file work_15.txt (compact mmCIF, C-alpha atoms)
# COMPACT_ATOMS: atom_id res chain seq x y z
CA MET A 1 0.00 0.00 0.00
CA VAL A 2 1.40 3.41 -1.00
CA TYR A 3 0.40 5.05 2.28
CA LEU A 4 2.34 2.57 4.40
CA GLY A 5 5.28 2.61 2.01
CA VAL A 6 5.59 6.38 2.20
CA ILE A 7 5.45 6.32 6.00
CA SER A 8 8.02 3.54 6.19
CA LEU A 9 10.49 5.49 4.05
CA LEU A 10 9.99 8.92 5.60
CA ALA A 11 10.22 7.46 9.11
CA GLN A 12 13.83 6.54 8.31
CA ILE A 13 14.84 10.19 7.87
CA PRO A 14 16.71 11.33 11.03
CA LEU A 15 15.48 14.43 12.85
CA GLU A 16 18.65 16.37 12.06
CA VAL A 17 18.03 15.79 8.35
CA TRP A 18 14.42 16.94 8.67
CA ASN A 19 15.72 20.14 10.26
CA LYS A 20 18.22 20.63 7.44
CA ILE A 21 15.41 20.25 4.91
CA VAL A 22 13.52 23.07 6.63
CA MET A 23 16.63 25.26 6.59
CA ASP A 24 16.90 24.70 2.83
CA GLU A 25 13.51 26.34 2.25
CA PRO A 26 13.77 29.59 0.24
CA GLU A 27 11.95 31.48 2.99
CA TRP A 28 14.71 30.47 5.41
CA GLN A 29 17.59 30.91 2.98
CA TYR A 30 16.64 34.39 1.80
CA MET A 31 14.93 35.89 4.85
CA ARG A 32 16.95 34.60 7.82
CA GLY A 33 19.21 37.66 7.86
CA PHE A 34 16.33 40.02 8.57
CA LEU A 35 15.58 38.45 11.96
CA GLU A 36 18.53 40.15 13.61
CA LYS A 37 18.10 43.38 11.63
CA TYR A 38 14.38 43.76 12.39
CA GLY A 39 13.98 42.02 15.72
CA PHE A 40 11.51 39.16 16.11
CA GLY A 41 8.23 41.10 16.14
CA ARG A 42 8.81 43.11 12.98
CA PHE A 43 10.38 40.08 11.31
CA SER A 44 7.33 37.92 12.03
CA VAL A 45 5.07 40.57 10.47
CA LEU A 46 7.33 40.66 7.40
CA MET A 47 7.19 36.88 7.01
CA VAL A 48 3.40 36.70 7.32
CA SER A 49 2.97 39.62 4.90
CA ALA A 50 5.10 37.90 2.28
CA GLY A 51 3.53 34.51 2.95
CA LEU A 52 0.04 35.83 2.33
CA ASN A 53 0.97 36.97 -1.18
CA ASP A 54 3.09 34.00 -2.26
CA TYR A 55 0.74 32.86 -5.05
CA GLN A 56 0.25 33.41 -8.78
CA LEU A 57 3.93 34.30 -9.17
CA LYS A 58 5.88 35.15 -12.31
CA GLY A 59 7.98 32.03 -11.85
CA ARG A 60 9.33 29.75 -9.12
CA ALA A 61 9.22 31.26 -5.64
CA GLU A 62 12.87 30.47 -5.01
CA LYS A 63 13.83 32.39 -8.15
CA VAL A 64 11.46 35.35 -8.53
CA TYR A 65 9.84 35.93 -5.15
CA TRP A 66 11.89 35.49 -1.99
CA PRO A 67 15.25 36.56 -3.47
CA ARG A 68 13.69 39.68 -4.96
CA ILE A 69 12.04 40.64 -1.68
CA LYS A 70 15.42 40.18 -0.01
CA GLU A 71 17.11 42.33 -2.64
CA LEU A 72 14.55 45.11 -2.18
CA LEU A 73 14.77 45.16 1.61
CA GLU A 74 18.53 44.75 1.97
CA GLY A 75 19.15 48.31 0.84
CA LYS A 76 16.66 49.79 3.30
CA LYS A 77 16.64 50.46 7.02
CA ALA A 78 14.38 48.39 9.23
CA PRO A 79 10.86 49.89 9.18
CA ASN A 80 9.79 51.77 12.29
CA SER A 81 6.07 51.29 11.73
CA LEU A 82 3.56 49.08 9.96
CA GLU A 83 2.95 51.93 7.52
CA GLU A 84 6.64 52.00 6.63
CA MET A 85 6.67 48.25 6.06
CA GLU A 86 3.63 48.51 3.82
CA SER A 87 5.28 51.26 1.78
CA MET A 88 8.46 49.19 1.38
CA LEU A 89 6.69 46.01 0.32
CA ALA A 90 4.28 47.88 -1.95
CA GLU A 91 7.26 48.73 -4.17
CA PHE A 92 7.58 45.03 -4.90
CA TYR A 93 3.92 44.12 -5.26
CA ARG A 94 3.14 46.95 -7.68
CA ASN A 95 5.14 45.05 -10.28
CA GLU A 96 3.75 41.60 -9.48
CA ARG A 97 0.96 39.65 -11.11
CA LEU A 98 -2.45 40.52 -9.62
CA ALA A 99 -0.83 43.68 -8.24
CA GLU A 100 -4.04 45.39 -7.14
CA GLN A 101 -5.26 42.29 -5.33
CA LYS A 102 -1.94 41.75 -3.57
CA LEU A 103 -1.66 45.40 -2.53
CA LYS A 104 -5.13 45.15 -0.98
CA ARG A 105 -4.18 41.97 0.87
CA LEU A 106 -1.00 43.62 2.12
CA ASN A 107 -2.98 46.59 3.43
CA ARG A 108 -5.69 44.41 4.95
CA PHE A 109 -3.14 42.53 7.05
CA LEU A 110 -0.81 45.40 7.95
CA SER A 111 -3.68 47.66 9.03
CA SER A 112 -5.11 44.97 11.33
CA SER A 113 -4.92 44.70 15.11
CA LEU A 114 -3.26 41.31 14.59
CA ALA A 115 -0.31 42.88 12.77
CA LYS A 116 -0.02 45.49 15.53
CA SER A 117 0.14 42.82 18.23
CA LEU A 118 2.62 40.65 16.30
CA TRP A 119 4.82 43.72 15.75
CA LYS A 120 5.45 43.94 19.50
CA ALA A 121 5.25 40.24 20.37
CA SER A 122 8.14 38.14 21.66
CA PRO A 123 8.89 34.63 20.37
CA ASN A 124 7.46 33.26 23.63
CA GLU A 125 4.17 35.11 23.18
CA THR A 126 3.86 34.17 19.51
CA ALA A 127 4.58 30.50 20.21
CA ARG A 128 2.02 30.48 23.04
CA ASP A 129 -0.69 32.14 20.95
CA PHE A 130 0.00 30.34 17.67
CA PRO A 131 -3.43 28.64 17.30
CA GLN A 132 -5.27 31.87 18.12
CA ILE A 133 -3.09 33.81 15.66
CA TRP A 134 -4.05 31.30 12.94
CA LEU A 135 -7.76 31.83 13.54
CA LYS A 136 -7.37 35.60 13.81
CA LEU A 137 -5.41 35.74 10.54
CA SER A 138 -8.16 33.88 8.71
CA GLU A 139 -10.71 36.34 10.12
CA VAL A 140 -8.63 39.36 9.10
CA MET A 141 -8.16 38.05 5.57
CA GLN A 142 -11.76 36.78 5.39
CA GLN A 143 -10.65 33.28 4.41
CA LYS A 144 -10.89 29.79 5.84
CA PRO A 145 -8.08 28.73 8.22
CA SER A 146 -7.35 25.81 5.88
CA ASP A 147 -7.00 27.96 2.74
CA LYS A 148 -3.63 27.59 1.06
CA THR A 149 -2.46 31.18 1.52
CA ILE A 150 -3.47 31.23 5.20
CA ALA A 151 -1.83 27.88 5.91
CA PHE A 152 1.30 29.00 4.08
CA ALA A 153 1.45 32.35 5.89
CA MET A 154 1.27 30.45 9.17
CA LYS A 155 4.07 28.21 7.95
CA THR A 156 6.22 31.31 7.41
CA LEU A 157 5.38 32.44 10.96
CA GLY A 158 6.37 28.99 12.17
CA LEU A 159 9.65 29.31 10.29
CA ALA A 160 10.26 32.66 11.99
CA LEU A 161 9.80 30.93 15.36
CA LEU A 162 12.17 28.12 14.38
CA MET A 163 14.77 30.71 13.32
CA ALA A 164 14.37 32.23 16.80
CA TRP A 165 15.01 28.76 18.28
CA ARG A 166 11.42 28.15 19.34
CA ASN A 167 9.93 24.80 18.35
CA ASP A 168 7.33 24.37 21.08
CA PHE A 169 4.38 25.83 19.21
CA PRO A 170 1.31 23.80 18.13
CA ILE A 171 1.39 23.96 14.33
CA GLU A 172 -1.85 22.97 12.60
CA THR A 173 -1.73 19.79 10.53
CA THR A 174 -2.93 21.43 7.32
CA ILE A 175 -0.54 21.25 4.38
CA PRO A 176 -0.65 24.29 2.04
CA VAL A 177 -1.73 22.59 -1.20
CA ASP A 178 -0.05 24.09 -4.26
CA SER A 179 0.92 22.67 -7.65
CA ARG A 180 4.03 20.93 -6.31
CA ILE A 181 2.24 19.25 -3.41
CA ARG A 182 -0.61 18.23 -5.70
CA SER A 183 1.77 16.89 -8.37
CA PHE A 184 3.76 14.75 -5.94
CA THR A 185 0.58 13.37 -4.37
CA GLU A 186 -0.71 12.35 -7.80
CA ARG A 187 2.62 10.72 -8.68
CA LEU A 188 2.21 8.54 -5.62
CA GLY A 189 -1.05 7.31 -7.11
CA ILE A 190 -3.23 9.22 -4.65
CA SER A 191 -6.24 11.09 -5.99
CA ALA A 192 -5.59 14.84 -5.97
CA GLU A 193 -8.81 15.93 -7.66
CA ASN A 194 -9.60 18.18 -4.69
CA ASP A 195 -7.46 19.81 -2.03
CA GLU A 196 -9.27 18.16 0.87
CA THR A 197 -8.18 14.70 -0.32
CA VAL A 198 -4.56 15.88 -0.52
CA LYS A 199 -4.72 17.47 2.93
CA ALA A 200 -6.25 14.35 4.46
CA PHE A 201 -3.54 12.10 3.00
CA TRP A 202 -0.61 14.16 4.29
CA LYS A 203 -2.30 14.77 7.64
CA GLU A 204 -2.53 11.02 8.14
CA VAL A 205 1.09 10.54 7.05
CA LEU A 206 2.23 13.19 9.54
CA GLU A 207 0.23 11.71 12.39
CA ARG A 208 1.91 8.34 11.86
CA LEU A 209 5.38 9.89 11.56
CA ARG A 210 4.87 11.86 14.76
CA GLU A 211 4.46 8.62 16.69
CA ASN A 212 8.26 8.36 16.63
CA LEU A 213 9.54 11.74 15.36
CA PRO A 214 9.00 15.23 16.87
CA ILE A 215 8.34 16.84 13.49
CA SER A 216 5.60 19.19 12.32
CA MET A 217 3.77 19.86 9.08
CA ILE A 218 6.46 22.48 8.40
CA HIS A 219 8.99 19.66 8.05
CA LEU A 220 6.76 17.46 5.90
CA ASP A 221 5.58 20.31 3.67
CA SER A 222 9.17 21.48 3.16
CA LEU A 223 10.25 18.05 1.93
CA VAL A 224 7.28 17.42 -0.36
CA TRP A 225 7.50 20.95 -1.79
CA GLN A 226 11.22 20.62 -2.51
CA ILE A 227 10.92 17.28 -4.32
CA GLY A 228 7.38 17.76 -5.68
CA THR A 229 8.24 18.22 -9.35
CA LEU A 230 11.67 16.58 -9.47
CA SER A 231 12.29 13.69 -11.83
CA LYS A 232 13.04 10.28 -10.37
CA ALA A 233 16.76 10.76 -11.02
CA GLU A 234 16.66 14.19 -9.38
CA ILE A 235 14.90 12.75 -6.32
CA VAL A 236 17.63 10.13 -5.96
CA ASN A 237 20.24 12.90 -6.23
CA TYR A 238 18.36 15.05 -3.71
CA PHE A 239 18.42 12.31 -1.09
CA SER A 240 21.99 11.37 -1.98
CA GLN A 241 23.06 14.88 -1.02
CA LEU A 242 21.40 14.29 2.35
CA GLY A 243 23.30 11.02 2.76
CA LEU A 244 20.10 9.01 2.22
CA ARG A 245 20.44 7.67 -1.32
CA ASN A 246 18.68 4.40 -0.46
CA ILE A 247 15.54 6.26 0.63
CA GLY A 248 15.62 8.31 -2.57
CA GLU A 249 15.88 5.21 -4.74
CA LYS A 250 12.98 3.47 -2.99
CA LEU A 251 10.81 6.57 -3.09
CA ALA A 252 11.52 7.06 -6.79
CA GLU A 253 10.42 3.48 -7.45
CA MET A 254 7.03 4.28 -5.93
CA LEU A 255 6.37 7.23 -8.24
CA LYS A 256 4.50 7.26 -11.50
CA GLU A 257 6.13 9.11 -14.40

call {"tool": "encode", "arguments": {"input": "work_15.txt", "output": "structure tokens"}}
result
Amino acid sequence: MVYLGVISLLAQIPLEVWNKIVMDEPEWQYMRGFLEKYGFGRFSVLMVSAGLNDYQLKGRAEKVYWPRIKELLEGKKAPNSLEEMESMLAEFYRNERLAEQKLKRLNRFLSSSLAKSLWKASPNETARDFPQIWLKLSEVMQQKPSDKTIAFAMKTLGLALLMAWRNDFPIETTIPVDSRIRSFTERLGISAENDETVKAFWKEVLERLRENLPISMIHLDSLVWQIGTLSKAEIVNYFSQLGLRNIGEKLAEMLKE
């Protein structure tokens, strides 16, 4: 059975490798430097702001989104207010696809009481209030908590906490379903005709993995997203670079072309 096979393979990945996979995410690679420059509160607001608008991009996120946001912000001082942050990020979104929609989303979040509280919050407070922040964010953006952009924005907040060495926050078990997650799920032979089926599959996988590994959906989503559209040979190479070639070979054998 595919489900059991996937669990059996992923359960063999050591925790330190799972953590490395998370650190290889573009959000971590390109944004990590702003944590010290901004301080945690302002940094967390930046991450959520960018996470909310990471959709309908001009290309791959690791090529045209996160590195370009980094490039824009590197030459600027840390913002002293939410209004300043909105002005800085608006420079980027004016030239993006669906610019008007993304500028409205940026304003909706940054003018909210949630953004104001996150701006001043410590890592301890954010970790403690993580589930409530998730619900509040969905209310502010007038979306469902399980919607892809909300789930992904909360992943970026979770990454901010991990960068600040906090891993004791209760992350929801909803995977942000995008084209890569959907593609990999289909290649495993699992129906991906609707997002709920995809979410249910990976939620069950995570629950089984967590019986023996202290990982979160951030870890699982990071892995599936990174390998989602790789060829079988590329997947073998990916795991080889992690020192886990055998897992890569067995996983590749399970995939449909």

call {"tool": "closest_residue", "arguments": {"input": "work_15.txt", "among": "A:Gly75, A:Gly158, A:Gly189, A:Pro214", "to": "Met254 (chain A)", "atoms": "only C-alpha atoms"}}
result
A:Gly189

call {"tool": "closest_residue", "arguments": {"input": "work_15.txt", "among": "A:Lys70, A:Lys136, A:Arg208, A:Lys144", "to": "Trp28 (chain A)", "atoms": "only C-alpha atoms"}}
result
A:Lys70

call {"tool": "closest_residue", "arguments": {"input": "work_15.txt", "among": "A:Leu220, A:Leu159, A:Met47, A:Leu72", "to": "Met23 (chain A)", "atoms": "all atoms listed in the file"}}
result
A:Leu159

call {"tool": "closest_residue", "arguments": {"input": "work_15.txt", "among": "A:Lys116, A:His219, A:Lys76, A:Arg97", "to": "Asp24 (chain A)", "atoms": "all atoms listed in the file"}}
result
A:His219

call {"tool": "atom_distance", "arguments": {"input": "work_15.txt", "atom1": "CA of Lys256 (chain A)", "atom2": "CA of Phe239 (chain A)"}}
result
18.1 Å

call {"tool": "closest_residue", "arguments": {"input": "work_15.txt", "among": "A:Asp54, A:Ser191, A:Ala160, A:Pro79", "to": "Lys148 (chain A)", "atoms": "all atoms listed in the file"}}
result
A:Asp54

call {"tool": "closest_residue", "arguments": {"input": "work_15.txt", "among": "A:Tyr55, A:Tyr238, A:Phe34, A:Phe169", "to": "Ser216 (chain A)", "atoms": "all atoms listed in the file"}}
result
A:Phe169

call {"tool": "residues_around", "arguments": {"input": "work_15.txt", "residues": "Gly41 (chain A)", "least_positions_apart": "2", "cutoff": "12 Å", "atoms": "all atoms listed in the file", "output": "ChimeraX atom specification"}}
result
/A:34-39,43-48,78-82,114-127,157,160-161,164

call {"tool": "atom_distance", "arguments": {"input": "work_15.txt", "atom1": "CA of Val205 (chain A)", "atom2": "CA of Glu253 (chain A)"}}
result
18.6 Å

call {"tool": "residues_around", "arguments": {"input": "work_15.txt", "residues": "Lys199 (chain A)", "least_positions_apart": "4", "cutoff": "12 Å", "atoms": "only C-alpha atoms", "output": "ChimeraX atom specification"}}
result
/A:146-148,151,172-178,181-182,185,190-195,203-206,217,220-221

call {"tool": "atom_distance", "arguments": {"input": "work_15.txt", "atom1": "CA of Ser49 (chain A)", "atom2": "CA of Phe130 (chain A)"}}
result
16.1 Å

call {"tool": "axis_aligned_box", "arguments": {"input": "work_15.txt", "around": "region 208-224 of chain A", "padding_each_side": "6 Å", "output": "AutoDock Vina command-line options"}}
result
--center_x 6.1 --center_y 15.4 --center_z 8.3 --size_x 20.3 --size_y 26.1 --size_z 29.2

call {"tool": "residues_around", "arguments": {"input": "work_15.txt", "residues": "Ile247 (chain A)", "least_positions_apart": "5", "cutoff": "12 Å", "atoms": "all atoms listed in the file", "output": "ChimeraX atom specification"}}
result
/A:5-14,232,235-242,252-254

call {"tool": "build_atoms", "arguments": {"input": "work_15.txt", "residues": "region 16-48 of chain A", "atoms": "N, CA and C atoms", "output": "mmCIF file, keeping the file's coordinate frame"}}
result
data_model
loop_
_atom_site.group_PDB
_atom_site.id
_atom_site.type_symbol
_atom_site.label_atom_id
_atom_site.label_comp_id
_atom_site.auth_asym_id
_atom_site.auth_seq_id
_atom_site.Cartn_x
_atom_site.Cartn_y
_atom_site.Cartn_z
ATOM 1 N N GLU A 16 17.724 15.319 12.487
ATOM 2 C CA GLU A 16 18.650 16.370 12.060
ATOM 3 C C GLU A 16 18.563 16.630 10.560
ATOM 4 N N VAL A 17 18.200 15.601 9.790
ATOM 5 C CA VAL A 17 18.030 15.790 8.350
ATOM 6 C C VAL A 17 16.718 16.527 8.071
ATOM 7 N N TRP A 18 15.678 16.198 8.805
ATOM 8 C CA TRP A 18 14.420 16.940 8.670
ATOM 9 C C TRP A 18 14.656 18.428 8.915
ATOM 10 N N ASN A 19 15.447 18.735 9.949
ATOM 11 C CA ASN A 19 15.720 20.140 10.260
ATOM 12 C C ASN A 19 16.526 20.810 9.155
ATOM 13 N N LYS A 20 17.451 20.069 8.557
ATOM 14 C CA LYS A 20 18.220 20.630 7.440
ATOM 15 C C LYS A 20 17.313 20.928 6.248
ATOM 16 N N ILE A 21 16.363 20.044 6.003
ATOM 17 C CA ILE A 21 15.410 20.250 4.910
ATOM 18 C C ILE A 21 14.644 21.560 5.106
ATOM 19 N N VAL A 22 14.224 21.816 6.337
ATOM 20 C CA VAL A 22 13.520 23.070 6.630
ATOM 21 C C VAL A 22 14.431 24.268 6.374
ATOM 22 N N MET A 23 15.689 24.156 6.771
ATOM 23 C CA MET A 23 16.630 25.260 6.590
ATOM 24 C C MET A 23 16.973 25.502 5.120
ATOM 25 N N ASP A 24 16.659 24.543 4.273
ATOM 26 C CA ASP A 24 16.900 24.700 2.830
ATOM 27 C C ASP A 24 15.725 25.375 2.128
ATOM 28 N N GLU A 25 14.655 25.659 2.851
ATOM 29 C CA GLU A 25 13.510 26.340 2.250
ATOM 30 C C GLU A 25 13.916 27.749 1.815
ATOM 31 N N PRO A 26 13.392 28.242 0.700
ATOM 32 C CA PRO A 26 13.770 29.590 0.240
ATOM 33 C C PRO A 26 13.415 30.675 1.247
ATOM 34 N N GLU A 27 12.320 30.488 1.985
ATOM 35 C CA GLU A 27 11.950 31.480 2.990
ATOM 36 C C GLU A 27 13.035 31.612 4.053
ATOM 37 N N TRP A 28 13.630 30.477 4.409
ATOM 38 C CA TRP A 28 14.710 30.470 5.410
ATOM 39 C C TRP A 28 15.988 31.028 4.782
ATOM 40 N N GLN A 29 16.341 30.533 3.626
ATOM 41 C CA GLN A 29 17.590 30.910 2.980
ATOM 42 C C GLN A 29 17.679 32.415 2.707
ATOM 43 N N TYR A 30 16.600 32.988 2.230
ATOM 44 C CA TYR A 30 16.640 34.390 1.800
ATOM 45 C C TYR A 30 16.227 35.386 2.888
ATOM 46 N N MET A 31 15.471 34.943 3.878
ATOM 47 C CA MET A 31 14.930 35.890 4.850
ATOM 48 C C MET A 31 15.587 35.829 6.221
ATOM 49 N N ARG A 32 16.356 34.810 6.488
ATOM 50 C CA ARG A 32 16.950 34.600 7.820
ATOM 51 C C ARG A 32 17.696 35.831 8.324
ATOM 52 N N GLY A 33 18.400 36.525 7.441
ATOM 53 C CA GLY A 33 19.210 37.660 7.860
ATOM 54 C C GLY A 33 18.422 38.828 8.414
ATOM 55 N N PHE A 34 17.131 38.890 8.095
ATOM 56 C CA PHE A 34 16.330 40.020 8.570
ATOM 57 C C PHE A 34 15.861 39.853 10.010
ATOM 58 N N LEU A 35 15.998 38.655 10.569
ATOM 59 C CA LEU A 35 15.580 38.450 11.960
ATOM 60 C C LEU A 35 16.382 39.339 12.898
ATOM 61 N N GLU A 36 17.687 39.328 12.747
ATOM 62 C CA GLU A 36 18.530 40.150 13.610
ATOM 63 C C GLU A 36 18.351 41.639 13.308
ATOM 64 N N LYS A 37 18.225 41.975 12.043
ATOM 65 C CA LYS A 37 18.100 43.380 11.630
ATOM 66 C C LYS A 37 16.788 43.998 12.116
ATOM 67 N N TYR A 38 15.708 43.241 12.055
ATOM 68 C CA TYR A 38 14.380 43.760 12.390
ATOM 69 C C TYR A 38 13.996 43.528 13.846
ATOM 70 N N GLY A 39 14.513 42.474 14.448
ATOM 71 C CA GLY A 39 13.980 42.020 15.720
ATOM 72 C C GLY A 39 12.807 41.097 15.446
ATOM 73 N N PHE A 40 12.472 40.222 16.397
ATOM 74 C CA PHE A 40 11.510 39.160 16.110
ATOM 75 C C PHE A 40 10.134 39.683 15.698
ATOM 76 N N GLY A 41 9.594 40.653 16.425
ATOM 77 C CA GLY A 41 8.230 41.100 16.140
ATOM 78 C C GLY A 41 8.057 41.615 14.725
ATOM 79 N N ARG A 42 8.902 42.553 14.329
ATOM 80 C CA ARG A 42 8.810 43.110 12.980
ATOM 81 C C ARG A 42 9.106 42.048 11.924
ATOM 82 N N PHE A 43 10.041 41.149 12.253
ATOM 83 C CA PHE A 43 10.380 40.080 11.310
ATOM 84 C C PHE A 43 9.192 39.149 11.101
ATOM 85 N N SER A 44 8.485 38.820 12.161
ATOM 86 C CA SER A 44 7.330 37.920 12.030
ATOM 87 C C SER A 44 6.244 38.560 11.166
ATOM 88 N N VAL A 45 6.052 39.873 11.299
ATOM 89 C CA VAL A 45 5.070 40.570 10.470
ATOM 90 C C VAL A 45 5.508 40.546 9.007
ATOM 91 N N LEU A 46 6.793 40.734 8.759
ATOM 92 C CA LEU A 46 7.330 40.660 7.400
ATOM 93 C C LEU A 46 7.070 39.291 6.785
ATOM 94 N N MET A 47 7.345 38.234 7.534
ATOM 95 C CA MET A 47 7.190 36.880 7.010
ATOM 96 C C MET A 47 5.730 36.569 6.687
ATOM 97 N N VAL A 48 4.825 36.950 7.569
ATOM 98 C CA VAL A 48 3.400 36.700 7.320
ATOM 99 C C VAL A 48 2.924 37.512 6.124
#
